[in-house]
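J.: Here it is: the structure, laid out below.
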Amino acid sequence: MTPLSPPDPRRAQLRRLKLIALAMLVVMLAGFAVSHWHGERGIWAWVSAFCEAAAVGALADWFAVVALFRRPLGLPIPHTAIIPRSKDRIADSLALFVRDQFLEPQALLARLQVFDPASRLGSWLAEPARARMLADMARGWALQALDFLDEAAVRRSIQGFVIQQLRQWNAAATAGELLSLLTADNRHQRVLDEGLTRISEWLGNEKVKDRASTLIVGYIQREWPKLASTVNWVKPIDEIGDTLAERLAHAVLEELQQILAQPEHPLRRDYETWLSDYIQRLREDPALAEKVEQLKQQVIDHPAVQEYVQGLWARIHASLRANLASEDSALAGHLRRSLASVGEALQADPSLREALNQHLMDGAERLTTRLRSGVTEHIAQTVKGWDERHLVEQLELSVGRDLQFIRFNGTLVGGLIGVILHALTVWFHW
């Protein structure tokens, strides 16, 4: 069962004032009748003059008040029921009044400029409690937003977006640009030097030499068993393997040292030529670009890559929720510090305040210009769409009390005017 709305106290007050005004009219008519019954002599002449004029004033003001809202006694008297009959015109006038008085761009901008919003915003954000409050509110909103999201739809969207971008990515051109960046300022030569240095260190390791000796001996015994037996009869083959491994490492190290010491070494030039040609091919060779593209597509279609892309949103969602759910949220803390920094910057930098105020002024001007016509039309259409009886009732409840005092005043002022006129008549007859 729908609960009844509480009675509007204005309705009872208006009814009471109407009864008082009606009672005053009845009293004036009664006084007028009694004075005539007494022959309008002596004091009754004065009572008659007062009551007659008061009744006329009361009736005239009653007519004027009633004519605002409805037809007096239901009679089709011209220029009555002014508000219902003029509802459309009132709606247009009200809309224009609001537009010109409240939505005038220059007036709004003048008030906004005096308000100095940037300075007030800076002072407000500089308070740590307020910055924390805003950050906590943003943290709560973000958690609610995460709950509202359709995880399956988001997961599909992310997967589709990532895969689409990967498929559209020109891997060969990117590889060419990346290698061009790496070769700028001879960076590739430094990479080569680092690689050769590591190889030198590796070849100088005794364990590497032992392994090389073992490989050499094993190869000789496997490929040339007779030669291995003959050599072993003259000198142990293990010693020969160690000697060959040592000499091989020494030769390679000597060659590496020459490469490292000579900027114009043939190997460096060959390396430079090969790398330049390869970069050029990545940019211009359709066959190589097609091979890189095929390799890229194979990587994209690999189940592990697809599974990883599908799990991106789950990892992002879990990380965001865990962070935002904590009172010591890193994201909220960063936002809090950022807001405080903005507040301090606005307080300390007049040029920043001026720039922000100017942006706000420009935005307010554009917004006001766009809203003026829309708000004006909205007000006019809303008022025109109101039910006439409801409109009259609401207006009468709002201003009817004051209008009843007009009836009171009309009664009393009319009576006083009647007495004054009667006094003038008596004076002229003297």
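By convention here, the chains of the structure tokens are called A, B, ... in the order presented, each chain's residues are numbered starting at 1, and ligands are numbered starting at 1 in the order presented.
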List the spatial neighbours of segment 420-429 of chain A as a list of chain:residue names - criterion: any atom at most 10 Å away, only C-alpha atoms, same-chain residues fewer than 5 positions off excluded.

T.: A:Ala45, A:Trp46, A:Ser48, A:Ala49, A:Phe50, A:Ala53, A:Gly414, A:Gly415

J.: Can those selected residues be exported to a file as an mmCIF file, in the first residue's frame so that it contains N, CA and C atoms?

T.:
data_model
loop_
_atom_site.group_PDB
_atom_site.id
_atom_site.type_symbol
_atom_site.label_atom_id
_atom_site.label_comp_id
_atom_site.auth_asym_id
_atom_site.auth_seq_id
_atom_site.Cartn_x
_atom_site.Cartn_y
_atom_site.Cartn_z
ATOM 1 N N ALA A 45 -24.267 57.177 9.123
ATOM 2 C CA ALA A 45 -23.837 57.659 7.806
ATOM 3 C C ALA A 45 -22.356 57.351 7.590
ATOM 4 N N TRP A 46 -21.602 57.563 8.627
ATOM 5 C CA TRP A 46 -20.170 57.260 8.528
ATOM 6 C C TRP A 46 -19.936 55.742 8.399
ATOM 7 N N SER A 48 -22.022 53.631 7.092
ATOM 8 C CA SER A 48 -22.446 53.271 5.748
ATOM 9 C C SER A 48 -21.378 53.596 4.720
ATOM 10 N N ALA A 49 -20.766 54.801 4.849
ATOM 11 C CA ALA A 49 -19.720 55.187 3.889
ATOM 12 C C ALA A 49 -18.529 54.225 3.971
ATOM 13 N N PHE A 50 -18.144 53.878 5.204
ATOM 14 C CA PHE A 50 -16.999 52.975 5.377
ATOM 15 C C PHE A 50 -17.303 51.587 4.817
ATOM 16 N N ALA A 53 -17.740 51.453 0.820
ATOM 17 C CA ALA A 53 -16.466 51.525 0.096
ATOM 18 C C ALA A 53 -15.600 50.300 0.373
ATOM 19 N N GLY A 414 -10.311 50.587 1.153
ATOM 20 C CA GLY A 414 -11.569 51.031 0.556
ATOM 21 C C GLY A 414 -12.463 51.698 1.582
ATOM 22 N N GLY A 415 -12.537 51.097 2.770
ATOM 23 C CA GLY A 415 -13.349 51.708 3.814
ATOM 24 C C GLY A 415 -12.845 53.069 4.212
#

J.: Taking 6 positions as the minimum chain separation for residues in the same chain, which residues sit within 10 Å of Leu356 of chain A when counting only C-alpha atoms? Answer as number ranges by chain.

T.: A: 116-119, 346, 350, 362

J.: Next, write the just-selected residues to a file, as a PDB file, in the first residue's frame, keeping C-alpha atoms as the atom set.

T.:
ATOM      1  CA  ASP A 116      39.170  32.720  -8.901  1.00  0.00           C
ATOM      2  CA  PRO A 117      38.516  28.948  -9.082  1.00  0.00           C
ATOM      3  CA  ALA A 118      42.177  27.978  -9.579  1.00  0.00           C
ATOM      4  CA  SER A 119      43.262  29.627  -6.318  1.00  0.00           C
ATOM      5  CA  LEU A 346      48.565  26.142  -7.852  1.00  0.00           C
ATOM      6  CA  PRO A 350      50.602  32.553 -10.288  1.00  0.00           C
ATOM      7  CA  ASP A 362      37.137  29.387 -22.115  1.00  0.00           C
TER       8      ASP A 362
END

J.: What's around Ser398 of chain A at 10 Å? Count only C-alpha atoms, leave out sequence neighbours fewer than 5 positions away in its own chain, and write the answer as a ChimeraX atom specification.

T.: /A:10-11,14,392-393,403

J.: Keeping all heavy atoms, export the residues of the selection given above as a short mmCIF file (atom, residue, chain, number, x, y, z; two decimals), in the first residue's frame.

T.:
data_model
loop_
_atom_site.label_atom_id
_atom_site.label_comp_id
_atom_site.auth_asym_id
_atom_site.auth_seq_id
_atom_site.Cartn_x
_atom_site.Cartn_y
_atom_site.Cartn_z
N ARG A 10 0.62 24.75 3.48
CA ARG A 10 0.24 25.97 2.76
C ARG A 10 -1.23 25.95 2.36
O ARG A 10 -1.88 27.00 2.29
CB ARG A 10 1.12 26.13 1.51
CG ARG A 10 2.60 26.27 1.79
CD ARG A 10 3.38 26.38 0.49
NE ARG A 10 3.17 25.21 -0.36
CZ ARG A 10 3.58 25.13 -1.63
NH1 ARG A 10 4.20 26.15 -2.18
NH2 ARG A 10 3.36 24.03 -2.33
N ARG A 11 -1.76 24.75 2.11
CA ARG A 11 -3.15 24.66 1.68
C ARG A 11 -4.09 25.09 2.81
O ARG A 11 -5.05 25.85 2.59
CB ARG A 11 -3.45 23.22 1.24
CG ARG A 11 -4.74 23.07 0.46
CD ARG A 11 -4.94 21.60 0.10
NE ARG A 11 -3.82 21.09 -0.66
CZ ARG A 11 -3.65 21.26 -1.95
NH1 ARG A 11 -4.54 21.95 -2.65
NH2 ARG A 11 -2.60 20.74 -2.57
N LEU A 14 -3.80 28.89 3.33
CA LEU A 14 -4.50 29.64 2.29
C LEU A 14 -6.01 29.59 2.50
O LEU A 14 -6.70 30.62 2.35
CB LEU A 14 -4.13 29.06 0.92
CG LEU A 14 -4.81 29.72 -0.29
CD1 LEU A 14 -4.45 31.20 -0.37
CD2 LEU A 14 -4.42 28.99 -1.58
N VAL A 392 -1.92 26.20 -11.80
CA VAL A 392 -2.65 27.22 -11.05
C VAL A 392 -2.62 26.91 -9.56
O VAL A 392 -2.41 27.80 -8.72
CB VAL A 392 -4.10 27.30 -11.57
CG1 VAL A 392 -4.97 28.12 -10.61
CG2 VAL A 392 -4.12 27.90 -12.96
N GLU A 393 -2.80 25.63 -9.23
CA GLU A 393 -2.81 25.24 -7.81
C GLU A 393 -1.47 25.51 -7.15
O GLU A 393 -1.42 26.07 -6.04
CB GLU A 393 -3.17 23.76 -7.70
CG GLU A 393 -3.25 23.27 -6.25
CD GLU A 393 -3.53 21.78 -6.18
OE1 GLU A 393 -3.25 21.07 -7.17
OE2 GLU A 393 -4.00 21.33 -5.13
N LEU A 403 -1.56 37.25 -1.74
CA LEU A 403 -2.69 37.83 -2.47
C LEU A 403 -3.91 38.03 -1.56
O LEU A 403 -4.67 38.98 -1.76
CB LEU A 403 -3.05 36.92 -3.65
CG LEU A 403 -1.98 36.81 -4.75
CD1 LEU A 403 -2.45 35.84 -5.82
CD2 LEU A 403 -1.68 38.16 -5.35
#

J.: When you look at Ala33 of chain A with a cut-off of 12 Å (counting only C-alpha atoms), what residues show up, excluding the ones that are within fewer than 3 positions of it in the same chain? I need them as a list in words.

T.: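 The neighbour list is Val26, Val27, Met28, Leu29, Ala30, His36, Trp37, His38, Gly39, Glu40, Trp44, Ala45, Val47, Ser48, Ala49, Phe50, Cys51, Glu52 and Ala55 of chain A.
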
J.: Return as a tab-separated table the residues of segment 85-172 of chain A lying at most 7 Å from segment 381-389 of chain A, together with the closest atom-to-atom pair for each and the distance in Å to one decimal, counting only C-alpha atoms, with rows in chain order and ascending residue number.

T.:
residue	atom	partner	partner_atom	distance
A:Lys87	CA	A:Lys384	CA	6.5
A:Asp88	CA	A:Lys384	CA	5.5
A:Ala91	CA	A:Val383	CA	5.4

J.: Grab the residues selected above and save them as a short mmCIF file (atom, residue, chain, number, x, y, z; two decimals), in the first residue's frame with N, CA and C atoms.

T.:
data_model
loop_
_atom_site.label_atom_id
_atom_site.label_comp_id
_atom_site.auth_asym_id
_atom_site.auth_seq_id
_atom_site.Cartn_x
_atom_site.Cartn_y
_atom_site.Cartn_z
N LYS A 87 -0.32 30.60 -20.33
CA LYS A 87 0.72 29.67 -19.90
C LYS A 87 1.87 29.60 -20.90
N ASP A 88 1.58 29.51 -22.18
CA ASP A 88 2.64 29.42 -23.18
C ASP A 88 3.48 30.70 -23.21
N ALA A 91 5.62 30.74 -20.20
CA ALA A 91 6.72 29.79 -20.35
C ALA A 91 7.85 30.39 -21.17
#

J.: Out of A:Val154, A:Gln165, A:Gly57, A:Asp92, which residue has the shortest atom-to-atom distance to Thr376 of chain A when counting only C-alpha atoms?

T.: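 Closest candidate: A:Asp92.
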